[in-house]
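Trainee: The structure follows.
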There are 2 protein chains.
Amino acid sequence: MSLIQIYECLCDETRLRILHLLQAGELCVCHLQEILNEPQVKISKHLAYLRTRGLVESRKEANWMIYSLPTKPSRELAANLACLQDCVSENAVFRRDETKRKQMSARIAAESPVCCSQKKPSGRKAVLK
Amino acid sequence: MSLIQIYECLCDETRLRILHLLQAGELCVCHLQEILNEPQVKISKHLAYLRTRGLVESRKEANWMIYSLPTKPSRELAANLACLQDCVSENAVFRRDETKRKQMSARIAAESPVCCSQKKPSGRKAVLK
DNA sequence: CTTGCATATACCGTTAACGGAATATACCGA
DNA sequence: TCGGTATATTCCGTTAACGGTATATGCAAG
């Protein structure tokens, strides 16, 4: 993971929003989809982009893929993620993402057995640590 | 100058080296050319790329164009330039650029009336503040 | 006003990012 | 095994970055 590759990953707003959200903790694809309000394929492809370059890690849980920031980020990555947090801390789009994330967490915590799409209770739920 | 645009500017090694060098002070194109050892057109185009996005400023002096970092950088730019400095401080390529810059400055200070190409003394010299 | 140097721009080919549509895969519950 | 949900991948068209070659512009010395 080179410095240039890090910057390449930071060149897209969707990826910036994903990275910003993941700094508050791991998320599955459908939750990202809900928060960012973007089509699944778009989220999925940006996550693949980030994963192949080592900016995020993923683990499988049932049929969800849960994405998170690396447990051991390089010095360059850590520095740039910190810088990103600083840069977007007052940005409306990123703040709204945070808010939506909190609302979603609250909904999940309230035991509403809904994962993402709010279509039907399914008895299943992505469990985030 | 958006945050995304800043990251786009940071995606290329030549541009990173230019920005890193400019943090130690302004430079003209031919000096950058000498330090980076890259063709003139490449340097010039990357400088134009940076200039149109507000990452560098330029002023004309005789027939030299002298490039520098913005006198009033945005918060995002300042943060990312600081981050860049931190990230490359131990990188061989960037350190070598610094060394070459110092050698060049010493040569100029020693009154060798040569601007860049070392071809012929011309009696002219780019004067850096 | 011509010559030479410094710099910028136009043109071209190659490559990769990006988004969307469609499809494939994987897993779970019934 | 079947249907549905979550996610990934393939295909495709558009766009922009990048590097190189050639050329143009601007300026200064003589």
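FYI, nothing fancy with the structure tokens labels: chains A, B, ... in order, residues from 1 per chain, ligands from 1 as they appear.
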Could you write out as a CSV table (one decimal) with N, CA and C atoms, in the first residue's frame the residues of chain A within 10 Å of chain B, counting only C-alpha atoms?
Mentor:
chain,number,residue,atom,x,y,z
A,3,LEU,N,1.9,5.4,-0.7
A,3,LEU,CA,1.2,6.6,-0.4
A,3,LEU,C,0.4,7.1,-1.6
A,4,ILE,N,0.9,6.9,-2.8
A,4,ILE,CA,0.1,7.3,-3.9
A,4,ILE,C,-1.2,6.5,-4.0
A,5,GLN,N,-1.2,5.2,-3.7
A,5,GLN,CA,-2.4,4.4,-3.7
A,5,GLN,C,-3.4,4.9,-2.6
A,6,ILE,N,-2.9,5.4,-1.5
A,6,ILE,CA,-3.8,5.9,-0.5
A,6,ILE,C,-4.5,7.1,-1.1
A,7,TYR,N,-3.7,8.0,-1.7
A,7,TYR,CA,-4.3,9.2,-2.2
A,7,TYR,C,-5.3,8.9,-3.3
A,8,GLU,N,-5.0,7.9,-4.1
A,8,GLU,CA,-5.9,7.5,-5.2
A,8,GLU,C,-7.3,7.0,-4.6
A,9,CYS,N,-7.2,6.4,-3.4
A,9,CYS,CA,-8.4,5.9,-2.8
A,9,CYS,C,-9.2,7.1,-2.2
A,10,LEU,N,-8.5,8.2,-1.9
A,10,LEU,CA,-9.2,9.3,-1.3
A,10,LEU,C,-9.8,10.3,-2.4
A,11,CYS,N,-9.7,9.9,-3.6
A,11,CYS,CA,-10.1,10.8,-4.7
A,11,CYS,C,-11.5,10.8,-5.0
A,12,ASP,N,-12.3,10.0,-4.4
A,12,ASP,CA,-13.7,9.8,-4.7
A,12,ASP,C,-14.6,10.1,-3.5
A,13,GLU,N,-15.6,10.8,-3.7
A,13,GLU,CA,-16.4,11.2,-2.5
A,13,GLU,C,-17.1,10.0,-1.8
A,16,LEU,N,-14.5,8.5,0.3
A,16,LEU,CA,-14.3,9.3,1.5
A,16,LEU,C,-15.4,9.1,2.5
A,75,ARG,N,1.7,3.8,9.0
A,75,ARG,CA,1.8,5.1,9.5
A,75,ARG,C,1.2,6.1,8.5
A,76,GLU,N,1.4,5.9,7.2
A,76,GLU,CA,0.8,6.8,6.2
A,76,GLU,C,-0.7,6.8,6.2
A,77,LEU,N,-1.2,5.6,6.3
A,77,LEU,CA,-2.7,5.5,6.3
A,77,LEU,C,-3.2,6.1,7.6
A,79,ALA,N,-2.0,8.5,9.4
A,79,ALA,CA,-1.9,9.9,9.3
A,79,ALA,C,-3.0,10.5,8.4
A,80,ASN,N,-3.2,9.9,7.2
A,80,ASN,CA,-4.2,10.4,6.3
A,80,ASN,C,-5.6,10.2,6.8
A,82,ALA,N,-6.5,10.4,9.9
A,82,ALA,CA,-6.7,11.4,10.9
A,82,ALA,C,-6.9,12.8,10.2
A,83,CYS,N,-6.1,13.0,9.2
A,83,CYS,CA,-6.2,14.2,8.4
A,83,CYS,C,-7.6,14.4,7.8
A,84,LEU,N,-8.1,13.2,7.3
A,84,LEU,CA,-9.4,13.3,6.7
A,84,LEU,C,-10.5,13.6,7.7
A,86,ASP,N,-10.2,15.3,10.3
A,86,ASP,CA,-10.1,16.8,10.6
A,86,ASP,C,-10.7,17.6,9.5
A,87,CYS,N,-10.4,17.2,8.2
A,87,CYS,CA,-10.9,18.0,7.1
A,87,CYS,C,-12.4,18.0,6.9
A,88,VAL,N,-13.0,16.9,7.3
A,88,VAL,CA,-14.5,16.8,7.0
A,88,VAL,C,-15.3,17.0,8.2
Trainee: Taking the DSSP secondary structure from the backbone, can you list the residues of range 9-78 of chain A that are helix (DSSP H, G or I), as a count of residues only?
Mentor: 36
Trainee: I'd like to know which of A:Ile18, A:Phe94, A:Arg53, A:Cys30 is closest to chain D, using only C-alpha atoms (C1' of nucleotides).
Mentor: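 Counting only C-alpha atoms (C1' of nucleotides), the residue closest to chain D is A:Cys30.
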Trainee: Among range 5-128 of chain B, which residues carry a DSSP assignment of strand (DSSP E), reported as a count of residues only?
Mentor: 12
Trainee: Find the residues of chain B that sit at most 8 Å from chain D; for each, write down the nearest two atoms and how far apart they are in Å, to one decimal. Count only C-alpha atoms (C1' of nucleotides). Sort by chain, then by number going up, and give it as a tab-separated table.
Mentor:
residue	atom	partner	partner_atom	distance
B:Lys42	CA	D:DG19	C1'	7.4
B:Ala62	CA	D:DC27	C1'	6.5
B:Asn63	CA	D:DC27	C1'	5.3
Trainee: Using 9 Å as the limit and counting only C-alpha atoms (C1' of nucleotides), can you tabulate each residue of chain B that touches chain C, with its shortest atom-to-atom distance in Å and the two atoms involved, as a Markdown table?
Mentor:
| residue | atom | partner | partner_atom | distance |
| --- | --- | --- | --- | --- |
| B:Val29 | CA | C:DT7 | C1' | 7.7 |
| B:Cys30 | CA | C:DA6 | C1' | 7.5 |
| B:Gln40 | CA | C:DT7 | C1' | 8.3 |
| B:Val41 | CA | C:DA8 | C1' | 8.3 |
| B:Ser44 | CA | C:DA8 | C1' | 7.2 |
| B:Lys45 | CA | C:DA8 | C1' | 8.2 |
| B:Ala48 | CA | C:DA8 | C1' | 8.8 |
| B:Asn63 | CA | C:DA6 | C1' | 5.8 |
| B:Trp64 | CA | C:DA6 | C1' | 5.9 |
| B:Met65 | CA | C:DT7 | C1' | 7.4 |
Trainee: Hey, what's within 12 Å of Leu69 in chain B if we count only C-alpha atoms (C1' of nucleotides) and toss same-chain stuff fewer than 3 positions away? As a PyMOL selection string, please?
Mentor: chain B and resi 18-27+47+50-51+53-59+66+72-74+77-78+81
Trainee: Restricted to C-alpha atoms, what would the selected residues look like written as an mmCIF file, in the first residue's frame?
Mentor:
data_model
loop_
_atom_site.group_PDB
_atom_site.id
_atom_site.type_symbol
_atom_site.label_atom_id
_atom_site.label_comp_id
_atom_site.auth_asym_id
_atom_site.auth_seq_id
_atom_site.Cartn_x
_atom_site.Cartn_y
_atom_site.Cartn_z
ATOM 1 C CA ILE B 18 6.992 19.185 -6.500
ATOM 2 C CA LEU B 19 4.769 20.018 -3.555
ATOM 3 C CA HIS B 20 7.300 18.618 -1.138
ATOM 4 C CA LEU B 21 10.058 20.721 -2.650
ATOM 5 C CA LEU B 22 7.945 23.867 -2.639
ATOM 6 C CA GLN B 23 7.402 23.542 1.079
ATOM 7 C CA ALA B 24 11.031 24.580 1.461
ATOM 8 C CA GLY B 25 10.479 27.617 -0.762
ATOM 9 C CA GLU B 26 9.669 28.723 -4.265
ATOM 10 C CA LEU B 27 11.324 27.282 -7.356
ATOM 11 C CA LEU B 47 2.538 22.536 -12.536
ATOM 12 C CA LEU B 50 -1.591 22.088 -9.678
ATOM 13 C CA ARG B 51 -2.064 25.743 -10.544
ATOM 14 C CA ARG B 53 -6.596 23.628 -8.862
ATOM 15 C CA GLY B 54 -5.100 26.211 -6.561
ATOM 16 C CA LEU B 55 -2.378 24.040 -5.049
ATOM 17 C CA VAL B 56 0.409 26.301 -6.257
ATOM 18 C CA GLU B 57 0.777 29.906 -7.298
ATOM 19 C CA SER B 58 3.111 31.360 -9.871
ATOM 20 C CA ARG B 59 4.709 34.631 -10.709
ATOM 21 C CA ILE B 66 8.509 30.896 -10.263
ATOM 22 C CA LYS B 72 -3.088 31.634 2.145
ATOM 23 C CA PRO B 73 -3.741 27.904 1.920
ATOM 24 C CA SER B 74 -7.130 26.593 2.960
ATOM 25 C CA LEU B 77 -4.683 22.139 2.009
ATOM 26 C CA ALA B 78 -2.551 23.104 4.988
ATOM 27 C CA LEU B 81 0.564 19.410 3.078
#
Trainee: Measure the distance from CA of Tyr67 in chain A to CA of Glu90 in chain A in Å and round it to one decimal.
Mentor: 24.6 Å
Trainee: Write out as a VMD selection string which residues come within 8 Å of Thr14 in chain A when counting only C-alpha atoms (C1' of nucleotides), dropping same-chain ones fewer than 3 positions away.
Mentor: chain A and resid 17 to 18 36 43 46
Trainee: Take the residues just selected and output them with N, CA and C atoms as a JSON list (two decimals), in the first residue's frame.
Mentor:
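The resulting selection31.json:
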[["chain", "number", "residue", "atom", "x", "y", "z"],
["A", 17, "ARG", "N", -16.60, 9.08, 2.06],
["A", 17, "ARG", "CA", -17.70, 8.91, 3.01],
["A", 17, "ARG", "C", -17.64, 7.55, 3.68],
["A", 18, "ILE", "N", -17.28, 6.54, 2.91],
["A", 18, "ILE", "CA", -17.15, 5.20, 3.49],
["A", 18, "ILE", "C", -16.06, 5.18, 4.56],
["A", 36, "LEU", "N", -25.51, 5.97, 2.86],
["A", 36, "LEU", "CA", -25.04, 6.80, 1.74],
["A", 36, "LEU", "C", -26.13, 7.02, 0.69],
["A", 43, "ILE", "N", -21.57, 1.01, -4.12],
["A", 43, "ILE", "CA", -20.93, 0.77, -2.82],
["A", 43, "ILE", "C", -19.96, -0.41, -2.92],
["A", 46, "HIS", "N", -16.76, 0.29, -4.85],
["A", 46, "HIS", "CA", -15.82, 1.15, -4.13],
["A", 46, "HIS", "C", -15.18, 0.39, -2.96]]
Trainee: Report, in Å with one decimal, the straight-line distance from CA of Thr71 in chain A to CA of Thr52 in chain A.
Mentor: 15.6 Å
